[in-house]
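Engineer: Below is upload-v8.csv; it holds CSV, C-alpha atoms.
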```csv
chain,number,residue,atom,x,y,z
P,286,MET,CA,148.8,45.4,-117.2
P,287,MET,CA,146.2,44.6,-114.6
P,288,ASN,CA,145.8,46.8,-111.6
P,289,ASP,CA,146.8,45.5,-108.2
P,290,PRO,CA,143.6,44.4,-106.4
P,291,ARG,CA,144.9,46.0,-103.3
P,292,GLU,CA,144.7,49.4,-105.0
P,293,GLN,CA,141.0,49.0,-106.0
P,294,GLY,CA,139.5,50.1,-102.6
P,295,PRO,CA,138.0,48.2,-99.7
P,296,LYS,CA,136.6,44.8,-100.3
P,297,ARG,CA,132.8,44.3,-100.3
P,298,GLU,CA,131.3,43.4,-97.0
P,299,ARG,CA,130.7,39.7,-96.8
P,300,ARG,CA,128.5,39.5,-93.8
P,301,TRP,CA,125.3,38.6,-95.7
P,302,GLN,CA,126.9,36.4,-98.4
P,303,THR,CA,124.8,33.2,-97.7
P,304,SER,CA,121.1,32.6,-97.2
P,305,GLN,CA,121.7,31.3,-93.7
P,306,GLU,CA,123.7,34.4,-92.8
P,307,ARG,CA,121.0,36.7,-94.2
P,308,ALA,CA,118.3,34.9,-92.4
P,309,ARG,CA,120.2,34.8,-89.2
P,310,VAL,CA,121.0,38.6,-89.2
P,311,ALA,CA,117.4,39.5,-90.1
P,312,ALA,CA,116.0,37.2,-87.4
P,313,ASP,CA,118.3,38.7,-84.8
P,314,LEU,CA,117.2,42.2,-85.8
P,315,ILE,CA,113.5,41.5,-85.4
P,316,GLU,CA,113.7,39.0,-82.6
P,317,GLU,CA,111.9,41.2,-80.1
P,318,ALA,CA,109.7,43.0,-82.6
P,319,GLU,CA,105.9,42.9,-82.6
P,320,SER,CA,104.4,40.1,-84.5
P,321,LEU,CA,101.5,40.4,-87.0
P,322,THR,CA,98.7,42.7,-86.0
P,323,GLN,CA,95.7,40.7,-84.8
P,324,THR,CA,93.6,38.6,-86.9
P,325,GLY,CA,93.6,35.8,-84.5
P,326,ALA,CA,90.7,34.3,-82.7
P,327,ILE,CA,88.6,37.3,-81.8
P,328,ALA,CA,84.9,36.6,-82.2
P,329,THR,CA,82.9,38.5,-84.8
P,330,PRO,CA,80.2,40.8,-83.5
P,331,ASP,CA,77.6,38.2,-84.5
P,332,ASP,CA,79.4,35.5,-82.5
P,333,VAL,CA,79.6,37.8,-79.5
P,334,ALA,CA,75.9,38.8,-79.7
P,335,ARG,CA,74.8,35.2,-80.2
P,336,ALA,CA,76.8,33.8,-77.3
P,337,GLU,CA,76.3,36.9,-75.0
P,338,LEU,CA,80.0,36.4,-74.0
P,339,PRO,CA,83.1,38.5,-74.4
P,340,PRO,CA,85.2,37.6,-77.4
P,341,PRO,CA,87.1,34.4,-77.1
P,342,ILE,CA,90.8,34.2,-76.2
P,343,ARG,CA,92.7,33.2,-79.3
P,344,VAL,CA,94.7,30.0,-79.5
P,345,ALA,CA,98.3,30.7,-78.3
P,346,PRO,CA,100.4,27.6,-78.6
P,347,ALA,CA,104.1,28.1,-77.8
P,348,ALA,CA,106.1,26.8,-80.8
P,349,ALA,CA,108.5,27.6,-83.5
P,350,ASN,CA,107.6,30.9,-85.0
P,351,PRO,CA,109.3,34.0,-83.6
P,352,GLY,CA,107.2,36.4,-81.5
P,353,PRO,CA,106.6,37.8,-78.1
P,354,THR,CA,105.1,36.1,-75.1
P,355,SER,CA,101.4,35.5,-74.8
P,356,LYS,CA,99.4,37.9,-72.7
P,357,LEU,CA,95.6,37.9,-72.6
P,358,ASP,CA,93.2,40.6,-71.6
P,359,GLU,CA,89.6,40.3,-70.6
P,360,ASP,CA,88.3,42.6,-73.3
P,361,GLU,CA,91.2,42.5,-75.7
P,362,GLY,CA,92.8,39.7,-77.6
P,363,PRO,CA,96.0,38.3,-76.4
P,364,LYS,CA,99.5,39.2,-77.3
P,365,ALA,CA,101.0,36.4,-79.4
P,366,PRO,CA,103.6,33.9,-78.3
P,367,GLU,CA,105.7,32.2,-80.9
P,368,THR,CA,102.8,31.1,-83.0
P,369,LEU,CA,100.1,33.7,-83.2
P,370,PRO,CA,100.1,37.4,-84.0
P,371,PRO,CA,99.1,39.9,-81.3
P,372,ALA,CA,95.6,41.2,-81.1
P,373,VAL,CA,94.0,44.5,-81.8
P,374,THR,CA,91.0,45.5,-79.7
P,375,ALA,CA,88.3,43.0,-79.9
P,376,PRO,CA,84.7,43.9,-80.5
P,377,PRO,CA,83.3,45.0,-77.1
P,378,GLU,CA,80.8,42.9,-75.2
P,379,PRO,CA,77.3,44.2,-75.8
P,380,ALA,CA,76.2,46.5,-73.0
P,381,ALA,CA,74.5,44.7,-70.1
P,382,PRO,CA,70.8,45.4,-69.8
P,383,ALA,CA,69.7,47.6,-66.9
P,384,SER,CA,68.3,44.6,-65.2
P,385,GLU,CA,71.7,42.9,-65.1
P,386,ASP,CA,72.9,41.8,-61.7
P,387,PRO,CA,74.5,44.7,-59.8
P,388,LEU,CA,77.6,42.6,-59.0
P,389,TYR,CA,78.0,41.8,-62.6
P,390,LEU,CA,77.8,45.4,-63.5
P,391,ALA,CA,80.3,46.3,-60.8
P,392,ALA,CA,82.7,43.7,-62.2
P,393,ARG,CA,82.3,45.0,-65.7
P,394,GLU,CA,82.9,48.6,-64.6
P,395,ALA,CA,86.0,47.5,-62.6
P,396,SER,CA,87.3,45.7,-65.7
P,397,GLU,CA,86.7,48.7,-67.9
P,398,ARG,CA,88.8,50.7,-65.5
P,399,GLY,CA,91.6,48.2,-65.7
P,400,ASP,CA,91.0,47.0,-62.1
P,401,ARG,CA,91.1,43.3,-62.6
P,402,GLU,CA,91.5,42.4,-59.0
P,403,ARG,CA,88.3,44.1,-58.1
P,404,ALA,CA,86.5,42.7,-61.1
P,405,ALA,CA,87.7,39.2,-60.2
P,406,ALA,CA,86.5,39.6,-56.6
P,407,SER,CA,83.0,40.8,-57.9
P,408,TYR,CA,82.7,37.9,-60.2
P,409,ARG,CA,83.6,35.5,-57.4
P,410,ASP,CA,81.0,37.1,-55.1
P,411,LEU,CA,78.4,36.7,-57.9
P,412,LEU,CA,79.4,33.1,-58.6
P,413,ALA,CA,79.1,32.2,-54.9
P,414,ARG,CA,75.5,33.3,-55.0
P,415,ASP,CA,74.8,32.1,-58.6
P,416,PRO,CA,77.2,29.3,-59.6
P,417,ASN,CA,75.4,29.0,-63.0
P,418,HIS,CA,76.1,32.6,-64.2
P,419,VAL,CA,78.0,31.6,-67.3
P,420,LYS,CA,79.1,35.1,-68.4
P,421,ALA,CA,80.6,35.8,-65.0
P,422,ARG,CA,82.5,32.5,-65.0
P,423,ASN,CA,83.7,33.1,-68.5
P,424,ASN,CA,84.9,36.6,-67.7
P,425,LEU,CA,86.6,35.4,-64.5
P,426,ALA,CA,88.4,32.8,-66.6
P,427,LEU,CA,89.7,35.5,-68.9
P,428,ILE,CA,91.0,37.5,-66.0
P,429,LEU,CA,92.7,34.5,-64.5
P,430,ASP,CA,94.3,33.7,-67.9
P,431,ALA,CA,95.5,37.2,-68.2
P,432,ARG,CA,97.2,36.9,-64.8
P,433,GLY,CA,98.9,33.7,-65.9
P,434,ASP,CA,96.7,31.3,-63.9
P,435,ARG,CA,95.8,29.0,-66.7
P,436,ASP,CA,94.8,26.1,-64.5
P,437,GLY,CA,92.3,28.4,-62.7
P,438,ALA,CA,91.1,29.7,-66.1
P,439,LEU,CA,90.5,26.1,-67.3
P,440,ALA,CA,88.7,25.2,-64.1
P,441,GLU,CA,86.3,28.1,-64.6
P,442,LEU,CA,85.7,27.3,-68.3
P,443,ASP,CA,85.1,23.7,-67.5
P,444,ARG,CA,82.4,24.7,-65.0
P,445,ALA,CA,80.9,27.1,-67.5
P,446,LEU,CA,80.7,24.3,-70.1
P,447,GLU,CA,78.9,22.1,-67.7
P,448,SER,CA,76.1,24.6,-67.9
P,449,GLU,CA,76.4,25.3,-71.7
P,450,PRO,CA,78.4,22.4,-73.2
P,451,ASP,CA,77.9,23.5,-76.8
P,452,ASN,CA,78.6,27.3,-76.3
P,453,PRO,CA,81.1,28.1,-79.2
P,454,ALA,CA,82.7,31.1,-77.4
P,455,LEU,CA,83.4,28.9,-74.3
P,456,LEU,CA,84.8,26.2,-76.4
P,457,LEU,CA,87.1,28.6,-78.3
P,458,ASN,CA,88.3,30.1,-75.0
P,459,ARG,CA,89.1,26.7,-73.5
P,460,ALA,CA,90.8,25.6,-76.7
P,461,ALA,CA,93.0,28.7,-76.4
P,462,VAL,CA,94.1,28.0,-72.9
P,463,LEU,CA,94.6,24.3,-73.7
P,464,ALA,CA,96.8,25.2,-76.7
P,465,ALA,CA,98.7,27.8,-74.6
P,466,THR,CA,99.6,25.0,-72.2
P,467,VAL,CA,100.6,22.7,-75.2
P,468,ARG,CA,97.6,20.4,-74.8
P,469,TYR,CA,97.0,20.5,-78.5
P,470,ALA,CA,95.0,17.3,-78.8
P,471,ALA,CA,92.4,18.6,-76.3
P,472,ALA,CA,92.4,22.0,-78.0
P,473,GLN,CA,91.8,20.2,-81.3
P,474,ARG,CA,88.8,18.4,-79.9
P,475,ASP,CA,87.2,21.6,-78.7
P,476,LEU,CA,87.8,23.4,-82.0
P,477,GLN,CA,86.3,20.4,-83.9
P,478,ARG,CA,83.3,20.5,-81.6
P,479,VAL,CA,82.7,24.2,-82.7
P,480,LEU,CA,83.1,23.3,-86.3
P,481,ARG,CA,80.7,20.4,-86.2
P,482,ALA,CA,78.0,22.9,-85.1
P,483,GLU,CA,79.3,25.8,-87.2
P,484,PRO,CA,81.4,24.6,-90.2
P,485,SER,CA,82.1,28.2,-91.3
P,486,ASN,CA,83.3,29.5,-88.0
P,487,GLY,CA,86.4,31.4,-89.1
P,488,GLU,CA,88.0,31.6,-85.6
P,489,ALA,CA,87.7,27.8,-85.2
P,490,LEU,CA,89.1,27.1,-88.7
P,491,PHE,CA,92.0,29.5,-88.2
P,492,ASN,CA,92.9,28.2,-84.8
P,493,LEU,CA,92.5,24.6,-85.7
P,494,GLY,CA,94.8,25.1,-88.6
P,495,ILE,CA,97.5,26.4,-86.3
P,496,VAL,CA,96.9,23.6,-83.7
P,497,LEU,CA,97.2,20.9,-86.4
P,498,THR,CA,100.5,22.3,-87.6
P,499,ARG,CA,101.8,22.4,-84.0
P,500,ARG,CA,100.9,18.7,-83.9
P,501,GLY,CA,102.9,18.1,-87.0
P,502,MET,CA,99.8,17.5,-89.1
P,503,TRP,CA,100.9,19.9,-91.8
P,504,PRO,CA,98.6,18.9,-94.7
P,505,GLN,CA,95.5,18.9,-92.5
P,506,GLY,CA,96.6,22.3,-91.0
P,507,ILE,CA,97.1,23.8,-94.4
P,508,ASP,CA,93.6,22.7,-95.4
P,509,GLN,CA,92.1,24.5,-92.4
P,510,LEU,CA,94.2,27.6,-92.9
P,511,LYS,CA,93.2,27.7,-96.6
P,512,ARG,CA,89.5,27.5,-95.6
P,513,ALA,CA,90.0,30.2,-93.1
P,514,ALA,CA,91.7,32.5,-95.6
P,515,GLU,CA,89.0,31.8,-98.2
P,516,LEU,CA,86.2,32.5,-95.7
P,517,GLU,CA,87.9,35.7,-94.5
P,518,PRO,CA,90.2,36.9,-97.2
P,519,GLY,CA,91.0,40.1,-95.4
P,520,ARG,CA,92.5,38.3,-92.4
P,521,ALA,CA,96.3,38.8,-92.7
P,522,ALA,CA,97.2,36.3,-90.0
P,523,ALA,CA,95.5,33.5,-91.9
P,524,TRP,CA,97.6,34.2,-95.0
P,525,TYR,CA,100.8,34.6,-92.9
P,526,TYR,CA,100.4,31.2,-91.1
P,527,LEU,CA,99.3,29.6,-94.4
P,528,GLY,CA,102.6,30.9,-95.8
P,529,GLU,CA,104.5,29.5,-92.8
P,530,ALA,CA,102.9,26.0,-93.3
P,531,LEU,CA,103.4,26.0,-97.1
P,532,ASN,CA,107.0,27.0,-96.7
P,533,HIS,CA,107.5,24.1,-94.2
P,534,MET,CA,106.0,21.8,-96.8
P,535,ASP,CA,108.3,23.2,-99.6
P,536,ASP,CA,105.5,24.7,-101.6
P,537,LEU,CA,107.6,27.8,-102.3
P,538,SER,CA,105.3,29.4,-104.9
P,539,GLY,CA,102.3,28.9,-102.6
P,540,ALA,CA,104.1,30.2,-99.6
P,541,LEU,CA,105.4,33.3,-101.4
P,542,ALA,CA,101.9,34.1,-102.6
P,543,ALA,CA,100.4,33.7,-99.1
P,544,TYR,CA,103.1,35.9,-97.5
P,545,GLU,CA,102.7,38.5,-100.2
P,546,ARG,CA,98.9,38.6,-99.6
P,547,ALA,CA,99.6,39.1,-95.9
P,548,VAL,CA,101.8,42.1,-96.8
P,549,GLU,CA,99.2,43.5,-99.1
P,550,LEU,CA,96.8,43.5,-96.2
P,551,GLN,CA,99.4,44.7,-93.6
P,552,PRO,CA,102.3,46.5,-95.5
P,553,ALA,CA,104.2,47.2,-92.2
P,554,ASN,CA,104.1,43.6,-91.0
P,555,PRO,CA,107.7,42.6,-90.2
P,556,LYS,CA,106.9,38.9,-89.9
P,557,ALA,CA,105.3,38.6,-93.2
P,558,LEU,CA,108.1,40.6,-94.9
P,559,TYR,CA,110.6,38.3,-93.2
P,560,GLY,CA,108.7,35.3,-94.5
P,561,ILE,CA,109.0,36.6,-98.0
P,562,GLY,CA,112.7,36.9,-97.5
P,563,LYS,CA,113.0,33.3,-96.3
P,564,VAL,CA,111.2,32.1,-99.4
P,565,LEU,CA,113.2,34.3,-101.8
P,566,ASP,CA,116.4,32.9,-100.2
P,567,ARG,CA,115.2,29.4,-100.9
P,568,LEU,CA,114.4,30.4,-104.5
P,569,ASN,CA,118.0,31.6,-104.8
P,570,ARG,CA,117.1,35.2,-105.2
P,571,PRO,CA,119.5,36.6,-102.6
P,572,ASP,CA,119.3,40.3,-103.5
P,573,GLU,CA,115.5,40.4,-103.3
P,574,ALA,CA,115.7,38.4,-100.0
P,575,THR,CA,118.1,40.9,-98.5
P,576,ALA,CA,115.8,43.7,-99.5
P,577,MET,CA,112.9,42.0,-97.7
P,578,TYR,CA,115.0,41.4,-94.6
P,579,ARG,CA,115.9,45.1,-94.6
P,580,ARG,CA,112.3,46.1,-94.9
P,581,SER,CA,111.4,43.8,-92.1
P,582,ARG,CA,114.0,45.3,-89.9
P,583,GLU,CA,112.9,48.8,-90.8
P,584,MET,CA,109.3,48.0,-89.7
P,585,THR,CA,110.6,47.2,-86.2
P,586,GLY,CA,112.1,50.7,-85.9
P,587,ARG,CA,115.6,49.2,-85.2
```
Is it possible to give me this structure as structure tokens?

Structural biologist:
Amino acid sequence: MMNDPREQGPKRERRWQTSQERARVAADLIEEAESLTQTGAIATPDDVARAELPPPIRVAPAAANPGPTSKLDEDEGPKAPETLPPAVTAPPEPAAPASEDPLYLAAREASERGDRERAAASYRDLLARDPNHVKARNNLALILDARGDRDGALAELDRALESEPDNPALLLNRAAVLAATVRYAAAQRDLQRVLRAEPSNGEALFNLGIVLTRRGMWPQGIDQLKRAAELEPGRAAAWYYLGEALNHMDDLSGALAAYERAVELQPANPKALYGIGKVLDRLNRPDEATAMYRRSREMTGR
């Protein structure tokens, strides 16, 4: 005679029985977690040396991927909004020569101490005397953007580009601010200007790929992200956003491979682990998906 089911112990927890429930629970658990460690639009040392400017702000459009709010720093990359991973420390600006303007040196010293207000005031004093000082105007723009004054940052970058219209770092910076204010078409134009002059500029390729996906131009965005990943195969964010785009286009095998490459490069990356979980759910592999969601949650320390 069969045993009474009521005597066989408690029933199995059903909270994560469907893919939607598993994804929802995992998303809730990592909602406030840090996003991918930086591989966004920080200039390479060669780019910085060539342009004699601080590293560019990375593109930070506000859109569908989970992540924290954008926050930019003059000498660091930004923290990501819902589209880009947060930054690690950017390559420092080359030391100013001894003959550099004292006001510029004072502004740089204030910035290094974290005194942005004093740095901004020094840059403004310098620009009142020398309106064509491109580095000072660029740095002031970065400070304004970090303070949330994106219109002010755009105005300074526009003025700087009047003096040096083809400067790639300035164009990347302006594209970043434009994208952060959801002016994707204008950001796209600036990034394409960079690529016309420098077809292998990894920052422009990566950021253009993201901007194109934000505009709904998924195949074109995937092409740019693939180029960025091929050019800089060690850049985890390129693989992560390629995985996001391929998943959106239902290329599940391609998306899984891209997410897994991101995890190889950054094993503690909660967003990439979560991406793997999403694809495994779609591939009807719920146990493996649940394991990935659990690992993603563990990486957040919650």

Engineer: Could you tell me how far CA of Pro504 in chain P sits from CA of Ala530 in chain P, in Å to one decimal place?

Structural biologist: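 Computing the Euclidean distance for CA of Ala530 in chain P and CA of Pro504 in chain P yields 8.4 Å.
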
Engineer: Residues within 10 Å of (101.2, 36.9, -99.8), file coordinates, counting only C-alpha atoms: what are they? Give the list as JSON, numbers by chain.

Structural biologist: {"P": [521, 524, 525, 527, 528, 538, 539, 540, 541, 542, 543, 544, 545, 546, 547, 548, 549, 550, 557, 558, 560, 561]}

Engineer: List every protein, DNA or RNA residue that has an atom no more than 12 Å from (79.9, 29.2, -59.8) in the file's coordinate frame, counting all atoms listed in the file, and report them as an NGL selection string.

Structural biologist: :P and (408-426 or 440-448)

Engineer: What does the distance from CA of Asp400 in chain P to CA of Leu427 in chain P come to in Å, to one decimal?

Structural biologist: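 Here the two named atoms are 13.4 Å from each other.
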
Engineer: Distance CA of Gln509 in chain P-CA of Pro552 in chain P, one decimal place?

Structural biologist: 24.4 Å

Engineer: Select, from P:Leu516, P:Ala438, P:Ala470, P:Met502, the residue with the minimum atom-to-atom distance to Pro484 in chain P, counting only C-alpha atoms.

Structural biologist: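 Comparing P:Leu516, P:Ala438, P:Ala470, P:Met502 against Pro484 in chain P, the winner is P:Leu516.
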
Engineer: Can you tell me, as a ChimeraX atom specification, what residues are no more than 9 Å from Arg435 in chain P when counting only C-alpha atoms, ignoring any on the same chain fewer than 2 positions away?

Structural biologist: /P:426,429-433,437-440,462-463,465-466

Engineer: Can you tell me, as a VMD selection string, what residues are no more than 6 Å from range 567-579 of chain P when counting only C-alpha atoms, ignoring any on the same chain fewer than 3 positions away?

Structural biologist: chain P and resid 311 558 to 559 562 564 582

Engineer: Tell me which protein, DNA and RNA residues are within 12 Å of Arg468 in chain P, counting only C-alpha atoms, leaving out same-chain ones fewer than 2 positions away, and put them as a ChimeraX atom specification.

Structural biologist: /P:344-347,435,439,459-466,470-475,496-497,499-500

Engineer: Mind completing range 425-436 of chain P with all heavy atoms? Output as a PDB file, in the coordinates of the input, please?

Structural biologist:
```pdb
ATOM      1  N   LEU P 425      85.621  35.699 -65.542  1.00  0.00           N
ATOM      2  CA  LEU P 425      86.600  35.400 -64.500  1.00  0.00           C
ATOM      3  C   LEU P 425      87.732  34.548 -65.104  1.00  0.00           C
ATOM      4  O   LEU P 425      88.918  34.753 -64.788  1.00  0.00           O
ATOM      5  CB  LEU P 425      85.942  34.660 -63.344  1.00  0.00           C
ATOM      6  CG  LEU P 425      86.876  34.210 -62.216  1.00  0.00           C
ATOM      7  CD1 LEU P 425      87.636  35.389 -61.624  1.00  0.00           C
ATOM      8  CD2 LEU P 425      86.080  33.466 -61.142  1.00  0.00           C
ATOM      9  N   ALA P 426      87.378  33.601 -65.964  1.00  0.00           N
ATOM     10  CA  ALA P 426      88.400  32.800 -66.600  1.00  0.00           C
ATOM     11  C   ALA P 426      89.359  33.638 -67.428  1.00  0.00           C
ATOM     12  O   ALA P 426      90.582  33.418 -67.423  1.00  0.00           O
ATOM     13  CB  ALA P 426      87.742  31.719 -67.501  1.00  0.00           C
ATOM     14  N   LEU P 427      88.831  34.628 -68.148  1.00  0.00           N
ATOM     15  CA  LEU P 427      89.700  35.500 -68.900  1.00  0.00           C
ATOM     16  C   LEU P 427      90.643  36.302 -68.064  1.00  0.00           C
ATOM     17  O   LEU P 427      91.814  36.498 -68.415  1.00  0.00           O
ATOM     18  CB  LEU P 427      88.829  36.452 -69.779  1.00  0.00           C
ATOM     19  CG  LEU P 427      87.919  35.809 -70.831  1.00  0.00           C
ATOM     20  CD1 LEU P 427      87.149  36.890 -71.572  1.00  0.00           C
ATOM     21  CD2 LEU P 427      88.687  34.948 -71.798  1.00  0.00           C
ATOM     22  N   ILE P 428      90.142  36.754 -66.929  1.00  0.00           N
ATOM     23  CA  ILE P 428      91.000  37.500 -66.000  1.00  0.00           C
ATOM     24  C   ILE P 428      92.104  36.598 -65.465  1.00  0.00           C
ATOM     25  O   ILE P 428      93.281  36.974 -65.397  1.00  0.00           O
ATOM     26  CB  ILE P 428      90.164  38.103 -64.862  1.00  0.00           C
ATOM     27  CG1 ILE P 428      89.246  39.200 -65.395  1.00  0.00           C
ATOM     28  CG2 ILE P 428      91.084  38.675 -63.774  1.00  0.00           C
ATOM     29  CD1 ILE P 428      88.267  39.734 -64.366  1.00  0.00           C
ATOM     30  N   LEU P 429      91.726  35.387 -65.066  1.00  0.00           N
ATOM     31  CA  LEU P 429      92.700  34.500 -64.500  1.00  0.00           C
ATOM     32  C   LEU P 429      93.790  34.139 -65.585  1.00  0.00           C
ATOM     33  O   LEU P 429      94.985  34.067 -65.282  1.00  0.00           O
ATOM     34  CB  LEU P 429      92.046  33.179 -64.056  1.00  0.00           C
ATOM     35  CG  LEU P 429      91.121  33.337 -62.844  1.00  0.00           C
ATOM     36  CD1 LEU P 429      90.380  32.027 -62.566  1.00  0.00           C
ATOM     37  CD2 LEU P 429      91.899  33.776 -61.613  1.00  0.00           C
ATOM     38  N   ASP P 430      93.359  33.937 -66.812  1.00  0.00           N
ATOM     39  CA  ASP P 430      94.300  33.700 -67.900  1.00  0.00           C
ATOM     40  C   ASP P 430      95.252  34.838 -68.096  1.00  0.00           C
ATOM     41  O   ASP P 430      96.453  34.669 -68.305  1.00  0.00           O
ATOM     42  CB  ASP P 430      93.582  33.300 -69.153  1.00  0.00           C
ATOM     43  CG  ASP P 430      94.508  32.703 -70.189  1.00  0.00           C
ATOM     44  OD1 ASP P 430      94.713  31.483 -70.169  1.00  0.00           O
ATOM     45  OD2 ASP P 430      95.042  33.483 -70.998  1.00  0.00           O
ATOM     46  N   ALA P 431      94.694  36.040 -68.045  1.00  0.00           N
ATOM     47  CA  ALA P 431      95.500  37.200 -68.200  1.00  0.00           C
ATOM     48  C   ALA P 431      96.556  37.349 -67.107  1.00  0.00           C
ATOM     49  O   ALA P 431      97.645  37.889 -67.324  1.00  0.00           O
ATOM     50  CB  ALA P 431      94.636  38.483 -68.238  1.00  0.00           C
ATOM     51  N   ARG P 432      96.256  36.834 -65.936  1.00  0.00           N
ATOM     52  CA  ARG P 432      97.200  36.900 -64.800  1.00  0.00           C
ATOM     53  C   ARG P 432      98.143  35.676 -64.832  1.00  0.00           C
ATOM     54  O   ARG P 432      98.975  35.525 -63.936  1.00  0.00           O
ATOM     55  CB  ARG P 432      96.400  36.884 -63.506  1.00  0.00           C
ATOM     56  CG  ARG P 432      95.776  38.238 -63.223  1.00  0.00           C
ATOM     57  CD  ARG P 432      94.649  38.189 -62.203  1.00  0.00           C
ATOM     58  NE  ARG P 432      94.948  37.333 -61.051  1.00  0.00           N
ATOM     59  CZ  ARG P 432      94.105  37.154 -60.034  1.00  0.00           C
ATOM     60  NH1 ARG P 432      92.930  37.775 -60.032  1.00  0.00           N
ATOM     61  NH2 ARG P 432      94.416  36.370 -59.032  1.00  0.00           N
ATOM     62  N   GLY P 433      97.997  34.802 -65.808  1.00  0.00           N
ATOM     63  CA  GLY P 433      98.900  33.700 -65.900  1.00  0.00           C
ATOM     64  C   GLY P 433      98.418  32.426 -65.177  1.00  0.00           C
ATOM     65  O   GLY P 433      99.113  31.410 -65.161  1.00  0.00           O
ATOM     66  N   ASP P 434      97.214  32.477 -64.587  1.00  0.00           N
ATOM     67  CA  ASP P 434      96.700  31.300 -63.900  1.00  0.00           C
ATOM     68  C   ASP P 434      95.826  30.504 -64.834  1.00  0.00           C
ATOM     69  O   ASP P 434      94.596  30.546 -64.834  1.00  0.00           O
ATOM     70  CB  ASP P 434      95.826  31.805 -62.689  1.00  0.00           C
ATOM     71  CG  ASP P 434      95.256  30.641 -61.868  1.00  0.00           C
ATOM     72  OD1 ASP P 434      95.587  29.476 -62.178  1.00  0.00           O
ATOM     73  OD2 ASP P 434      94.476  30.914 -60.932  1.00  0.00           O
ATOM     74  N   ARG P 435      96.507  29.749 -65.686  1.00  0.00           N
ATOM     75  CA  ARG P 435      95.800  29.000 -66.700  1.00  0.00           C
ATOM     76  C   ARG P 435      95.030  27.816 -66.155  1.00  0.00           C
ATOM     77  O   ARG P 435      93.972  27.445 -66.658  1.00  0.00           O
ATOM     78  CB  ARG P 435      96.747  28.609 -67.826  1.00  0.00           C
ATOM     79  CG  ARG P 435      97.118  29.821 -68.669  1.00  0.00           C
ATOM     80  CD  ARG P 435      98.069  29.536 -69.775  1.00  0.00           C
ATOM     81  NE  ARG P 435      98.167  30.704 -70.637  1.00  0.00           N
ATOM     82  CZ  ARG P 435      99.245  31.012 -71.346  1.00  0.00           C
ATOM     83  NH1 ARG P 435     100.315  30.256 -71.270  1.00  0.00           N
ATOM     84  NH2 ARG P 435      99.251  32.085 -72.110  1.00  0.00           N
ATOM     85  N   ASP P 436      95.558  27.200 -65.108  1.00  0.00           N
ATOM     86  CA  ASP P 436      94.800  26.100 -64.500  1.00  0.00           C
ATOM     87  C   ASP P 436      93.501  26.637 -63.910  1.00  0.00           C
ATOM     88  O   ASP P 436      92.442  26.008 -64.035  1.00  0.00           O
ATOM     89  CB  ASP P 436      95.641  25.440 -63.394  1.00  0.00           C
ATOM     90  CG  ASP P 436      96.780  24.611 -63.964  1.00  0.00           C
ATOM     91  OD1 ASP P 436      96.692  24.225 -65.149  1.00  0.00           O
ATOM     92  OD2 ASP P 436      97.751  24.348 -63.221  1.00  0.00           O
TER      93      ASP P 436
END
```
